[in-house]
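Next up, coords39.txt (compact mmCIF, C-alpha atoms (C1' of nucleotides)):
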# COMPACT_ATOMS: atom_id res chain seq x y z
CA MET A 1 -27.02 -57.27 25.11
CA ILE A 2 -26.45 -53.62 24.31
CA SER A 3 -26.23 -52.78 20.65
CA ARG A 4 -23.44 -50.71 19.21
CA ALA A 5 -25.93 -47.99 18.29
CA ARG A 6 -27.26 -47.94 21.81
CA ARG A 7 -23.79 -47.64 23.25
CA ARG A 8 -23.10 -44.79 20.88
CA THR A 9 -26.24 -43.04 22.04
CA ASN A 10 -25.19 -43.40 25.64
CA ALA A 11 -21.84 -41.82 24.91
CA GLN A 12 -23.61 -38.93 23.21
CA LEU A 13 -25.91 -38.52 26.17
CA VAL A 14 -23.00 -38.38 28.57
CA ARG A 15 -21.30 -35.82 26.43
CA ALA A 16 -24.51 -33.81 26.15
CA ALA A 17 -24.86 -33.75 29.92
CA GLU A 18 -21.31 -32.44 30.27
CA MET A 19 -21.90 -29.71 27.77
CA CYS A 20 -25.10 -28.63 29.47
CA ALA A 21 -23.32 -28.54 32.79
CA GLN A 22 -20.69 -26.26 31.29
CA HIS A 23 -23.46 -23.80 30.48
CA GLY A 24 -25.03 -24.09 33.88
CA ALA A 25 -27.96 -25.97 32.41
CA GLN A 26 -29.15 -29.35 33.54
CA LEU A 27 -29.94 -32.24 31.30
CA THR A 28 -32.62 -33.67 33.54
CA GLU A 29 -33.89 -37.22 33.29
CA LEU A 30 -36.80 -36.06 31.18
CA ARG A 31 -34.73 -34.02 28.77
CA ARG A 32 -32.15 -36.74 28.56
CA HIS A 33 -34.87 -39.21 27.72
CA VAL A 34 -36.23 -37.02 24.93
CA LEU A 35 -32.77 -36.47 23.52
CA GLY A 36 -32.27 -40.23 23.61
CA LEU A 37 -35.43 -40.74 21.59
CA ILE A 38 -34.21 -38.30 18.97
CA LEU A 39 -30.76 -39.82 18.81
CA GLU A 40 -32.13 -43.33 18.44
CA ALA A 41 -34.76 -42.39 15.90
CA GLY A 42 -32.49 -42.43 12.88
CA GLY A 43 -34.48 -39.75 11.13
CA PRO A 44 -36.59 -36.68 11.70
CA MET A 45 -39.24 -37.05 14.39
CA THR A 46 -42.20 -34.78 14.90
CA ALA A 47 -43.07 -33.50 18.34
CA TYR A 48 -46.09 -35.75 18.59
CA GLN A 49 -44.20 -38.81 17.43
CA LEU A 50 -41.76 -38.13 20.22
CA LEU A 51 -44.62 -37.58 22.61
CA ASP A 52 -46.12 -40.96 21.75
CA ARG A 53 -42.85 -42.67 22.46
CA LEU A 54 -42.30 -40.72 25.60
CA LYS A 55 -45.72 -41.75 26.90
CA ARG A 56 -44.71 -45.40 26.87
CA THR A 57 -42.48 -44.86 29.83
CA HIS A 58 -43.61 -41.53 31.10
CA LYS A 59 -47.24 -41.72 31.93
CA GLY A 60 -48.46 -38.15 32.21
CA ALA A 61 -46.56 -36.70 29.29
CA ALA A 62 -48.47 -34.01 27.42
CA PRO A 63 -47.65 -31.64 24.56
CA PRO A 64 -45.98 -29.06 26.79
CA THR A 65 -43.78 -31.80 28.17
CA ILE A 66 -42.26 -32.52 24.83
CA TYR A 67 -42.16 -28.95 23.56
CA ARG A 68 -40.41 -27.76 26.68
CA ALA A 69 -37.82 -30.49 26.36
CA LEU A 70 -37.33 -29.65 22.69
CA ASP A 71 -36.95 -25.96 23.44
CA PHE A 72 -34.26 -26.78 25.93
CA LEU A 73 -32.41 -29.15 23.62
CA ILE A 74 -32.49 -26.65 20.80
CA GLU A 75 -31.30 -23.91 23.11
CA GLN A 76 -28.40 -26.13 24.10
CA ARG A 77 -27.74 -26.85 20.44
CA LEU A 78 -28.19 -30.55 20.84
CA VAL A 79 -31.10 -30.72 18.46
CA HIS A 80 -32.13 -28.95 15.28
CA ARG A 81 -35.58 -28.15 14.13
CA ILE A 82 -36.34 -28.80 10.48
CA GLU A 83 -38.88 -26.13 9.76
CA ARG A 84 -40.03 -27.58 6.50
CA LEU A 85 -41.02 -30.81 8.17
CA ASN A 86 -42.07 -29.63 11.61
CA ALA A 87 -39.58 -32.17 12.80
CA PHE A 88 -36.48 -32.56 14.91
CA VAL A 89 -33.10 -34.19 14.45
CA PRO A 90 -29.89 -34.31 16.47
CA CYS A 91 -27.14 -31.81 15.68
CA VAL A 92 -24.25 -33.43 13.91
CA GLU A 93 -21.92 -31.40 16.07
CA ALA A 94 -23.72 -31.32 19.35
CA GLY A 95 -23.50 -28.19 21.38
CA HIS A 96 -21.69 -26.11 18.83
CA LEU A 97 -22.94 -22.98 17.26
CA HIS A 98 -23.09 -23.77 13.60
CA PRO A 99 -25.49 -22.99 10.83
CA ALA A 100 -27.98 -25.76 10.24
CA GLN A 101 -27.84 -26.95 6.66
CA PHE A 102 -30.05 -29.83 5.64
CA LEU A 103 -30.62 -31.95 2.58
CA ILE A 104 -34.15 -33.30 2.58
CA CYS A 105 -34.94 -36.05 0.12
CA SER A 106 -38.49 -35.71 -1.08
CA GLN A 107 -38.58 -39.32 -2.24
CA CYS A 108 -37.32 -41.30 0.71
CA GLY A 109 -37.60 -38.68 3.42
CA VAL A 110 -34.01 -39.00 4.53
CA VAL A 111 -32.54 -35.86 6.02
CA SER A 112 -28.81 -35.29 6.18
CA GLU A 113 -26.93 -32.41 7.60
CA ILE A 114 -24.08 -30.86 5.66
CA GLU A 115 -21.59 -28.20 6.53
CA SER A 116 -20.66 -25.75 3.83
CA ARG A 117 -18.46 -23.12 5.38
CA ALA A 118 -18.43 -21.32 2.03
CA ALA A 119 -22.19 -21.00 1.96
CA ALA A 120 -22.38 -20.02 5.61
CA SER A 121 -19.87 -17.28 5.17
CA ALA A 122 -21.44 -16.04 1.94
CA LEU A 123 -24.77 -15.79 3.73
CA GLU A 124 -23.28 -14.05 6.69
CA HIS A 125 -21.60 -11.49 4.48
CA ALA A 126 -24.73 -10.96 2.44
CA ALA A 127 -26.70 -10.36 5.62
CA GLU A 128 -24.16 -7.94 6.99
CA ARG A 129 -24.07 -5.99 3.78
CA GLU A 130 -27.68 -5.16 4.61
CA GLY A 131 -26.71 -4.13 8.10
CA PHE A 132 -28.33 -7.26 9.45
CA ARG A 133 -26.79 -9.08 12.39
CA PRO A 134 -27.50 -12.79 11.92
CA ARG A 135 -28.12 -14.93 14.97
CA SER A 136 -29.48 -18.19 13.68
CA THR A 137 -29.35 -19.39 10.10
CA VAL A 138 -31.27 -22.30 8.66
CA VAL A 139 -30.77 -23.77 5.22
CA GLU A 140 -33.14 -26.43 4.00
CA ILE A 141 -32.55 -27.90 0.59
CA GLU A 142 -35.28 -30.15 -0.70
CA GLY A 143 -34.51 -32.44 -3.60
CA VAL A 144 -33.54 -35.99 -4.47
CA CYS A 145 -30.73 -37.83 -2.73
CA ALA A 146 -28.03 -39.91 -4.37
CA ALA A 147 -29.70 -43.22 -3.53
CA CYS A 148 -33.05 -42.18 -5.00
CA ARG A 149 -31.54 -40.80 -8.18
CA THR A 150 -30.58 -44.20 -9.54
CA MET B 151 -58.24 8.01 -6.11
CA ILE B 152 -55.93 5.05 -6.62
CA SER B 153 -52.77 5.11 -4.56
CA ARG B 154 -49.38 4.55 -6.06
CA ALA B 155 -49.00 1.34 -4.09
CA ARG B 156 -52.31 0.10 -5.39
CA ARG B 157 -51.34 0.87 -8.96
CA ARG B 158 -48.12 -1.00 -8.46
CA THR B 159 -50.02 -4.00 -7.15
CA ASN B 160 -52.24 -3.96 -10.18
CA ALA B 161 -49.26 -3.99 -12.47
CA GLN B 162 -47.84 -6.94 -10.59
CA LEU B 163 -51.13 -8.77 -10.84
CA VAL B 164 -51.29 -8.24 -14.57
CA ARG B 165 -47.77 -9.50 -14.94
CA ALA B 166 -48.53 -12.49 -12.73
CA ALA B 167 -51.49 -13.40 -14.89
CA GLU B 168 -49.32 -13.30 -17.98
CA MET B 169 -46.72 -15.53 -16.42
CA CYS B 170 -49.32 -18.04 -15.31
CA ALA B 171 -50.77 -18.09 -18.80
CA GLN B 172 -47.35 -18.87 -20.20
CA HIS B 173 -47.31 -21.99 -18.05
CA GLY B 174 -50.80 -22.98 -19.02
CA ALA B 175 -52.02 -22.10 -15.55
CA GLN B 176 -54.83 -19.73 -14.78
CA LEU B 177 -54.72 -16.98 -12.25
CA THR B 178 -58.39 -17.14 -11.41
CA GLU B 179 -60.27 -14.38 -9.67
CA LEU B 180 -59.84 -16.13 -6.34
CA ARG B 181 -56.13 -16.71 -6.71
CA ARG B 182 -55.63 -13.24 -8.02
CA HIS B 183 -57.44 -11.88 -5.03
CA VAL B 184 -55.26 -13.83 -2.61
CA LEU B 185 -52.13 -12.74 -4.39
CA GLY B 186 -53.38 -9.18 -4.16
CA LEU B 187 -53.80 -9.52 -0.41
CA ILE B 188 -50.23 -10.75 -0.08
CA LEU B 189 -48.82 -8.02 -2.28
CA GLU B 190 -50.65 -5.31 -0.39
CA ALA B 191 -49.84 -6.67 3.04
CA GLY B 192 -46.38 -5.18 3.28
CA GLY B 193 -45.13 -8.03 5.43
CA PRO B 194 -45.52 -11.72 6.08
CA MET B 195 -49.10 -12.91 6.40
CA THR B 196 -50.21 -16.18 7.87
CA ALA B 197 -52.75 -18.35 6.11
CA TYR B 198 -55.45 -17.49 8.61
CA GLN B 199 -54.74 -13.79 8.46
CA LEU B 200 -55.23 -14.02 4.73
CA LEU B 201 -58.33 -16.09 5.24
CA ASP B 202 -59.83 -13.44 7.51
CA ARG B 203 -59.26 -10.77 4.92
CA LEU B 204 -60.53 -12.94 2.14
CA LYS B 205 -63.75 -13.58 4.03
CA ARG B 206 -64.62 -9.89 3.95
CA THR B 207 -65.39 -10.10 0.28
CA HIS B 208 -65.63 -13.80 -0.27
CA LYS B 209 -68.32 -15.20 1.93
CA GLY B 210 -67.79 -18.94 2.05
CA ALA B 211 -64.00 -18.93 2.27
CA ALA B 212 -62.61 -21.73 4.41
CA PRO B 213 -59.11 -22.98 5.20
CA PRO B 214 -58.84 -25.09 2.05
CA THR B 215 -59.75 -22.05 0.02
CA ILE B 216 -56.71 -20.19 1.16
CA TYR B 217 -54.34 -23.12 1.25
CA ARG B 218 -55.24 -24.13 -2.26
CA ALA B 219 -54.66 -20.63 -3.49
CA LEU B 220 -51.34 -20.48 -1.67
CA ASP B 221 -50.23 -23.82 -3.08
CA PHE B 222 -50.95 -22.52 -6.53
CA LEU B 223 -49.15 -19.24 -6.02
CA ILE B 224 -46.12 -20.98 -4.59
CA GLU B 225 -46.13 -23.45 -7.45
CA GLN B 226 -46.14 -20.51 -9.84
CA ARG B 227 -43.33 -18.93 -7.87
CA LEU B 228 -45.31 -15.82 -7.14
CA VAL B 229 -45.19 -16.32 -3.40
CA HIS B 230 -42.71 -17.69 -0.89
CA ARG B 231 -43.45 -19.51 2.26
CA ILE B 232 -41.40 -18.53 5.30
CA GLU B 233 -41.21 -21.79 7.16
CA ARG B 234 -39.99 -20.28 10.37
CA LEU B 235 -43.02 -18.05 10.62
CA ASN B 236 -45.69 -20.18 8.99
CA ALA B 237 -46.19 -17.17 6.82
CA PHE B 238 -46.23 -16.02 3.23
CA VAL B 239 -44.68 -13.17 1.30
CA PRO B 240 -44.48 -12.22 -2.38
CA CYS B 241 -41.43 -13.28 -4.37
CA VAL B 242 -39.16 -10.37 -5.10
CA GLU B 243 -38.66 -11.70 -8.57
CA ALA B 244 -42.05 -13.12 -9.35
CA GLY B 245 -42.23 -16.25 -11.41
CA HIS B 246 -38.53 -16.93 -11.48
CA LEU B 247 -36.83 -19.95 -10.10
CA HIS B 248 -34.52 -18.57 -7.49
CA PRO B 249 -33.46 -19.66 -4.06
CA ALA B 250 -35.45 -17.99 -1.34
CA GLN B 251 -33.17 -16.20 1.09
CA PHE B 252 -34.74 -14.26 3.92
CA LEU B 253 -33.61 -12.00 6.68
CA ILE B 254 -36.07 -12.14 9.56
CA CYS B 255 -35.74 -9.49 12.24
CA SER B 256 -36.67 -10.94 15.58
CA GLN B 257 -37.25 -7.48 17.06
CA CYS B 258 -39.50 -5.76 14.58
CA GLY B 259 -40.66 -8.75 12.57
CA VAL B 260 -39.64 -7.29 9.23
CA VAL B 261 -38.74 -9.84 6.61
CA SER B 262 -36.59 -8.95 3.65
CA GLU B 263 -35.50 -11.10 0.79
CA ILE B 264 -31.90 -11.04 -0.35
CA GLU B 265 -30.16 -12.66 -3.25
CA SER B 266 -26.69 -14.00 -2.64
CA ARG B 267 -25.62 -15.81 -5.75
CA ALA B 268 -22.42 -16.81 -3.97
CA ALA B 269 -24.31 -18.56 -1.17
CA ALA B 270 -26.75 -20.16 -3.58
CA SER B 271 -23.98 -21.60 -5.67
CA ALA B 272 -21.97 -22.73 -2.65
CA LEU B 273 -25.02 -24.57 -1.37
CA GLU B 274 -25.73 -26.11 -4.72
CA HIS B 275 -22.19 -27.37 -5.01
CA ALA B 276 -22.19 -28.68 -1.47
CA ALA B 277 -25.40 -30.58 -2.18
CA GLU B 278 -24.10 -32.02 -5.38
CA ARG B 279 -20.91 -33.17 -3.74
CA GLU B 280 -23.20 -35.46 -1.76
CA GLY B 281 -24.85 -36.66 -4.93
CA PHE B 282 -27.95 -34.69 -4.01
CA ARG B 283 -29.99 -32.98 -6.70
CA PRO B 284 -31.46 -29.83 -5.19
CA ARG B 285 -34.89 -28.70 -6.28
CA SER B 286 -35.92 -26.04 -3.84
CA THR B 287 -33.66 -24.24 -1.39
CA VAL B 288 -34.76 -22.11 1.49
CA VAL B 289 -32.50 -19.94 3.61
CA GLU B 290 -33.92 -18.23 6.65
CA ILE B 291 -31.64 -16.02 8.67
CA GLU B 292 -33.03 -14.81 11.94
CA GLY B 293 -31.35 -11.89 13.67
CA VAL B 294 -31.55 -8.15 14.14
CA CYS B 295 -32.02 -5.74 11.27
CA ALA B 296 -30.12 -2.52 10.71
CA ALA B 297 -32.94 -0.33 12.01
CA CYS B 298 -33.28 -2.27 15.25
CA ARG B 299 -29.56 -2.35 15.93
CA THR B 300 -29.33 1.32 16.71
C1' DC C 301 -29.56 -26.50 58.01
C1' DC C 302 -33.19 -23.79 56.33
C1' DC C 303 -35.24 -20.39 53.46
C1' DC C 304 -36.57 -18.83 49.38
C1' DA C 305 -35.67 -17.75 44.65
C1' DT C 306 -35.32 -20.09 40.59
C1' DT C 307 -36.07 -23.71 37.63
C1' DA C 308 -38.49 -27.78 36.22
C1' DT C 309 -42.59 -30.52 35.75
C1' DG C 310 -47.73 -31.79 35.94
C1' DA C 311 -52.17 -31.08 34.21
C1' DT C 312 -55.85 -29.05 31.63
C1' DA C 313 -57.53 -26.35 28.25
C1' DT C 314 -57.35 -24.13 24.04
C1' DA C 315 -55.24 -21.83 20.07
C1' DA C 316 -53.23 -21.97 15.55
C1' DT C 317 -52.11 -24.38 11.45
C1' DA C 318 -53.23 -27.71 7.86
C1' DT C 319 -55.46 -31.65 5.42
C1' DT C 320 -59.07 -35.01 4.01
C1' DT C 321 -63.10 -35.90 1.67
C1' DC C 322 -66.83 -35.57 -1.21
C1' DA C 323 -69.89 -32.75 -3.80
C1' DT C 324 -70.60 -29.24 -7.28
C1' DC C 325 -69.34 -26.20 -10.82
C1' DA C 326 -66.83 -24.24 -14.69
C1' DT C 327 -64.11 -24.65 -18.89
C1' DC C 328 -62.42 -26.18 -22.90
C1' DG C 329 -60.94 -29.29 -26.51
C1' DG C 330 -62.82 -32.91 -29.40
C1' DC D 331 -72.91 -31.29 -27.10
C1' DC D 332 -70.08 -34.21 -24.14
C1' DG D 333 -66.81 -35.83 -21.33
C1' DA D 334 -62.40 -34.94 -19.09
C1' DT D 335 -59.97 -31.90 -16.37
C1' DG D 336 -59.31 -28.43 -13.26
C1' DA D 337 -61.35 -25.22 -9.77
C1' DT D 338 -64.27 -24.19 -5.94
C1' DG D 339 -67.71 -25.10 -1.99
C1' DA D 340 -68.51 -27.08 2.35
C1' DA D 341 -67.96 -29.81 6.50
C1' DA D 342 -65.28 -32.37 9.30
C1' DT D 343 -61.11 -33.50 11.31
C1' DA D 344 -56.10 -33.92 11.91
C1' DT D 345 -51.84 -31.92 13.36
C1' DT D 346 -48.94 -28.69 15.61
C1' DA D 347 -48.22 -25.47 19.36
C1' DT D 348 -49.10 -22.41 23.35
C1' DA D 349 -51.29 -20.42 27.58
C1' DT D 350 -52.14 -20.89 32.25
C1' DC D 351 -51.93 -22.18 36.80
C1' DA D 352 -50.58 -25.45 40.18
C1' DT D 353 -46.99 -28.27 42.28
C1' DA D 354 -42.46 -30.08 43.01
C1' DA D 355 -37.48 -30.18 42.90
C1' DT D 356 -33.04 -27.79 43.23
C1' DG D 357 -29.47 -25.08 44.71
C1' DG D 358 -27.23 -20.89 46.68
C1' DG D 359 -26.97 -17.39 50.58
C1' DG D 360 -27.95 -16.55 55.45

Can you dump the structure from the file as structure tokens?
Amino acid sequence: MISRARRRTNAQLVRAAEMCAQHGAQLTELRRHVLGLILEAGGPMTAYQLLDRLKRTHKGAAPPTIYRALDFLIEQRLVHRIERLNAFVPCVEAGHLHPAQFLICSQCGVVSEIESRAAASALEHAAEREGFRPRSTVVEIEGVCAACRT
Amino acid sequence: MISRARRRTNAQLVRAAEMCAQHGAQLTELRRHVLGLILEAGGPMTAYQLLDRLKRTHKGAAPPTIYRALDFLIEQRLVHRIERLNAFVPCVEAGHLHPAQFLICSQCGVVSEIESRAAASALEHAAEREGFRPRSTVVEIEGVCAACRT
DNA sequence: CCCCATTATGATATAATATTTCATCATCGG
DNA sequence: CCGATGATGAAATATTATATCATAATGGGG
């Protein structure tokens, strides 16, 4: 019995592997496994939470194991890092270059990713007015989500 | 002989004390000292860099000493935390509630604060479309500054 | 097919960042 | 003066991240 969520994850993993291949990068078993953990988590996961899970099936896993995998996944734009939480979530639009914009609920801890093209372009223009060439933009908005406001 | 920069810092410290007082908070000697270190630094400082400097004049300083001071200063909106660097800088507009928007040069390490009202309001609207009530927004744009682009 | 350059992983140690906890001390309003 | 609150001291520990060196897999040229 494979759950719907699990099937969805598998599809995402297949797609991720394709996208890596297109960039000449390989989504190895290990990296694929870590990405799977993040996809299945349903919320932000810290590096050491991921490491604990990884250890269940991957005996000798150590901090560098997980950080190297995360570096790769971030490089491939499959995963975002939420700086405010020291945590990691899947990209909503895997593999695409897009500004990371997060809503972080301080009550329930839920993190959701949004995409405001208006904000992204305003930021880009503001940066370029200073002569600054932006490469990677992170927006993290902490507050209270709709569910917790009731 | 008091340098111009030093005089400017003093003025900022006086103003900071006033603003704290207005909120019923006290800028104690210790906190004032830490704020002074950040103002004089001329760039982002990590907690432990600040701690090292603090120790020169403040014998028993320990990690909680500096983190408590930083928490206070952030609470009073006198200092920003740059999540991507685990580092701290003074607010450009001390004591005001404003979204923190930073340009971080990955070549020279310089951090500058910008203020794009357009981006801030686009983000606020995007958040509220999701029913999210924003409380604190951080934008960190990593890239290459004008000076380093030449 | 083999070589070897490159990339990936294993393994250990350690560095850097941050918090918990409990005790003590100041301050200030009643 | 007293008690409540807020601030600091001090020690231990938790959490996050990197450095380093060794070993193994992989994948193009010859």

Long-range neighbours of region 347-352 of chain D as a count of residues only, 10 Å cut-off, all atoms listed in the file, 5 positions minimum in chain: 12

All residues 9 Å or closer to Ala270 (chain B), all atoms listed in the file, same chain fewer than 5 positions away omitted, as a ChimeraX atom specification: /A:119,122-123 /B:248-249,251,265,275,287

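Interatomic distance, CA of Phe132 (chain A) against CA of Ala118 (chain A): 18.7 Å.
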
Residues of chain D within 9 Å of chain B, counting only C-alpha atoms (C1' of nucleotides), as a VMD selection string: chain D and resid 337 to 340

CA of Gly143 (chain A) to CA of Ser286 (chain B), distance in Å rounded to a single decimal: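 Atom-to-atom, CA of Gly143 (chain A) to CA of Ser286 (chain B), that is 6.6 Å.
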
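Taking C1' of DC328 (chain C) as the reference point, CA of His173 (chain B) is found at 16.4 Å.
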
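You can rank C:DC325, C:DC303, C:DA308, C:DA318 by their closest distance to chain A using all atoms listed in the file, and at the top of that list sits C:DA308.
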
So that each row is one residue of chain B with an atom at most 8 Å from chain A, can you give its shortest atom pair and the distance in Å to one decimal, using all atoms listed in the file, rows by chain and rising number, as a Markdown table?
| residue | atom | partner | partner_atom | distance |
| --- | --- | --- | --- | --- |
| B:Glu233 | CA | A:Glu83 | CA | 5.6 |
| B:Arg234 | CA | A:Glu83 | CA | 6.0 |
| B:Leu253 | CA | A:Ala127 | CA | 7.2 |
| B:Ile264 | CA | A:Ala126 | CA | 7.7 |
| B:Ser266 | CA | A:Ala126 | CA | 6.2 |
| B:Ala268 | CA | A:Ala122 | CA | 6.0 |
| B:Ala269 | CA | A:Ala119 | CA | 4.5 |
| B:Ala270 | CA | A:Ala119 | CA | 7.2 |
| B:Ser271 | CA | A:Ala119 | CA | 7.9 |
| B:Ala272 | CA | A:Ala119 | CA | 4.9 |
| B:Leu273 | CA | A:Ala119 | CA | 5.6 |
| B:Ala276 | CA | A:Ser116 | CA | 6.2 |
| B:Ala277 | CA | A:Leu103 | CA | 7.2 |
| B:Glu280 | CA | A:Ala146 | CA | 7.1 |
| B:Gly281 | CA | A:Ala146 | CA | 4.6 |
| B:Phe282 | CA | A:Cys145 | CA | 4.4 |
| B:Arg283 | CA | A:Val144 | CA | 5.2 |
| B:Pro284 | CA | A:Gly143 | CA | 4.3 |
| B:Arg285 | CA | A:Gly143 | CA | 4.6 |
| B:Ser286 | CA | A:Glu142 | CA | 5.2 |
| B:Thr287 | CA | A:Ile141 | CA | 4.3 |
| B:Val288 | CA | A:Glu140 | CA | 5.3 |
| B:Val289 | CA | A:Val139 | CA | 4.5 |
| B:Glu290 | CA | A:Val138 | CA | 5.3 |
| B:Ile291 | CA | A:Thr137 | CA | 4.3 |
| B:Glu292 | CA | A:Ser136 | CA | 5.2 |
| B:Gly293 | CA | A:Pro134 | CA | 4.3 |
| B:Val294 | CA | A:Arg133 | CA | 5.2 |
| B:Cys295 | CA | A:Phe132 | CA | 4.4 |
| B:Ala296 | CA | A:Gly131 | CA | 4.6 |

Nearest candidate to DG357 (chain D) (options C:DC304, C:DG330, C:DA323, C:DT309; using all atoms listed in the file): C:DC304

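If all atoms listed in the file are the atoms counted, then among A:Val14, A:Ala69, A:Leu39, A:Thr9 the closest residue to chain C is A:Ala69.
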
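Nearest-residue note for chain C: choosing from A:Leu78, A:Gly24, A:Ala5, A:Cys91, the minimum distance belongs to A:Gly24, counting only C-alpha atoms (C1' of nucleotides).
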
Would you mind writing region 2-25 of chain A with N, CA and C atoms, as a PDB file, in the coordinates of the input?
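Output (part.pdb):
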ATOM      1  N   ILE A   2     -26.277 -55.018  24.711  1.00  0.00           N
ATOM      2  CA  ILE A   2     -26.450 -53.620  24.310  1.00  0.00           C
ATOM      3  C   ILE A   2     -25.875 -53.445  22.918  1.00  0.00           C
ATOM      4  N   SER A   3     -26.693 -52.921  22.037  1.00  0.00           N
ATOM      5  CA  SER A   3     -26.230 -52.780  20.650  1.00  0.00           C
ATOM      6  C   SER A   3     -25.171 -51.700  20.541  1.00  0.00           C
ATOM      7  N   ARG A   4     -24.458 -51.739  19.431  1.00  0.00           N
ATOM      8  CA  ARG A   4     -23.440 -50.710  19.210  1.00  0.00           C
ATOM      9  C   ARG A   4     -24.099 -49.333  19.126  1.00  0.00           C
ATOM     10  N   ALA A   5     -25.243 -49.283  18.438  1.00  0.00           N
ATOM     11  CA  ALA A   5     -25.930 -47.990  18.290  1.00  0.00           C
ATOM     12  C   ALA A   5     -26.329 -47.453  19.660  1.00  0.00           C
ATOM     13  N   ARG A   6     -26.801 -48.359  20.501  1.00  0.00           N
ATOM     14  CA  ARG A   6     -27.260 -47.940  21.810  1.00  0.00           C
ATOM     15  C   ARG A   6     -26.094 -47.423  22.650  1.00  0.00           C
ATOM     16  N   ARG A   7     -24.955 -48.091  22.506  1.00  0.00           N
ATOM     17  CA  ARG A   7     -23.790 -47.640  23.250  1.00  0.00           C
ATOM     18  C   ARG A   7     -23.361 -46.257  22.757  1.00  0.00           C
ATOM     19  N   ARG A   8     -23.465 -46.079  21.463  1.00  0.00           N
ATOM     20  CA  ARG A   8     -23.100 -44.790  20.880  1.00  0.00           C
ATOM     21  C   ARG A   8     -24.009 -43.691  21.438  1.00  0.00           C
ATOM     22  N   THR A   9     -25.285 -43.996  21.490  1.00  0.00           N
ATOM     23  CA  THR A   9     -26.240 -43.040  22.040  1.00  0.00           C
ATOM     24  C   THR A   9     -25.868 -42.676  23.471  1.00  0.00           C
ATOM     25  N   ASN A  10     -25.540 -43.678  24.248  1.00  0.00           N
ATOM     26  CA  ASN A  10     -25.190 -43.400  25.640  1.00  0.00           C
ATOM     27  C   ASN A  10     -24.002 -42.466  25.740  1.00  0.00           C
ATOM     28  N   ALA A  11     -23.014 -42.702  24.905  1.00  0.00           N
ATOM     29  CA  ALA A  11     -21.840 -41.820  24.910  1.00  0.00           C
ATOM     30  C   ALA A  11     -22.255 -40.399  24.568  1.00  0.00           C
ATOM     31  N   GLN A  12     -23.149 -40.271  23.605  1.00  0.00           N
ATOM     32  CA  GLN A  12     -23.610 -38.930  23.210  1.00  0.00           C
ATOM     33  C   GLN A  12     -24.372 -38.273  24.341  1.00  0.00           C
ATOM     34  N   LEU A  13     -25.130 -39.071  25.062  1.00  0.00           N
ATOM     35  CA  LEU A  13     -25.910 -38.520  26.170  1.00  0.00           C
ATOM     36  C   LEU A  13     -24.990 -38.026  27.281  1.00  0.00           C
ATOM     37  N   VAL A  14     -23.957 -38.792  27.536  1.00  0.00           N
ATOM     38  CA  VAL A  14     -23.000 -38.380  28.570  1.00  0.00           C
ATOM     39  C   VAL A  14     -22.348 -37.071  28.170  1.00  0.00           C
ATOM     40  N   ARG A  15     -21.946 -37.029  26.932  1.00  0.00           N
ATOM     41  CA  ARG A  15     -21.300 -35.820  26.430  1.00  0.00           C
ATOM     42  C   ARG A  15     -22.256 -34.628  26.486  1.00  0.00           C
ATOM     43  N   ALA A  16     -23.493 -34.878  26.126  1.00  0.00           N
ATOM     44  CA  ALA A  16     -24.510 -33.810  26.150  1.00  0.00           C
ATOM     45  C   ALA A  16     -24.669 -33.271  27.563  1.00  0.00           C
ATOM     46  N   ALA A  17     -24.692 -34.179  28.529  1.00  0.00           N
ATOM     47  CA  ALA A  17     -24.860 -33.750  29.920  1.00  0.00           C
ATOM     48  C   ALA A  17     -23.693 -32.872  30.337  1.00  0.00           C
ATOM     49  N   GLU A  18     -22.491 -33.243  29.929  1.00  0.00           N
ATOM     50  CA  GLU A  18     -21.310 -32.440  30.270  1.00  0.00           C
ATOM     51  C   GLU A  18     -21.434 -31.037  29.680  1.00  0.00           C
ATOM     52  N   MET A  19     -21.843 -31.006  28.428  1.00  0.00           N
ATOM     53  CA  MET A  19     -21.900 -29.710  27.770  1.00  0.00           C
ATOM     54  C   MET A  19     -22.968 -28.820  28.391  1.00  0.00           C
ATOM     55  N   CYS A  20     -24.074 -29.417  28.776  1.00  0.00           N
ATOM     56  CA  CYS A  20     -25.100 -28.630  29.470  1.00  0.00           C
ATOM     57  C   CYS A  20     -24.538 -28.088  30.769  1.00  0.00           C
ATOM     58  N   ALA A  21     -23.882 -28.947  31.507  1.00  0.00           N
ATOM     59  CA  ALA A  21     -23.320 -28.540  32.790  1.00  0.00           C
ATOM     60  C   ALA A  21     -22.391 -27.337  32.626  1.00  0.00           C
ATOM     61  N   GLN A  22     -21.612 -27.373  31.562  1.00  0.00           N
ATOM     62  CA  GLN A  22     -20.690 -26.260  31.290  1.00  0.00           C
ATOM     63  C   GLN A  22     -21.429 -24.942  31.121  1.00  0.00           C
ATOM     64  N   HIS A  23     -22.681 -25.020  30.671  1.00  0.00           N
ATOM     65  CA  HIS A  23     -23.460 -23.800  30.480  1.00  0.00           C
ATOM     66  C   HIS A  23     -24.368 -23.536  31.670  1.00  0.00           C
ATOM     67  N   GLY A  24     -24.173 -24.276  32.723  1.00  0.00           N
ATOM     68  CA  GLY A  24     -25.030 -24.090  33.880  1.00  0.00           C
ATOM     69  C   GLY A  24     -26.456 -24.565  33.649  1.00  0.00           C
ATOM     70  N   ALA A  25     -26.624 -25.438  32.692  1.00  0.00           N
ATOM     71  CA  ALA A  25     -27.960 -25.970  32.410  1.00  0.00           C
ATOM     72  C   ALA A  25     -27.963 -27.448  32.786  1.00  0.00           C
TER      73      ALA A  25
END
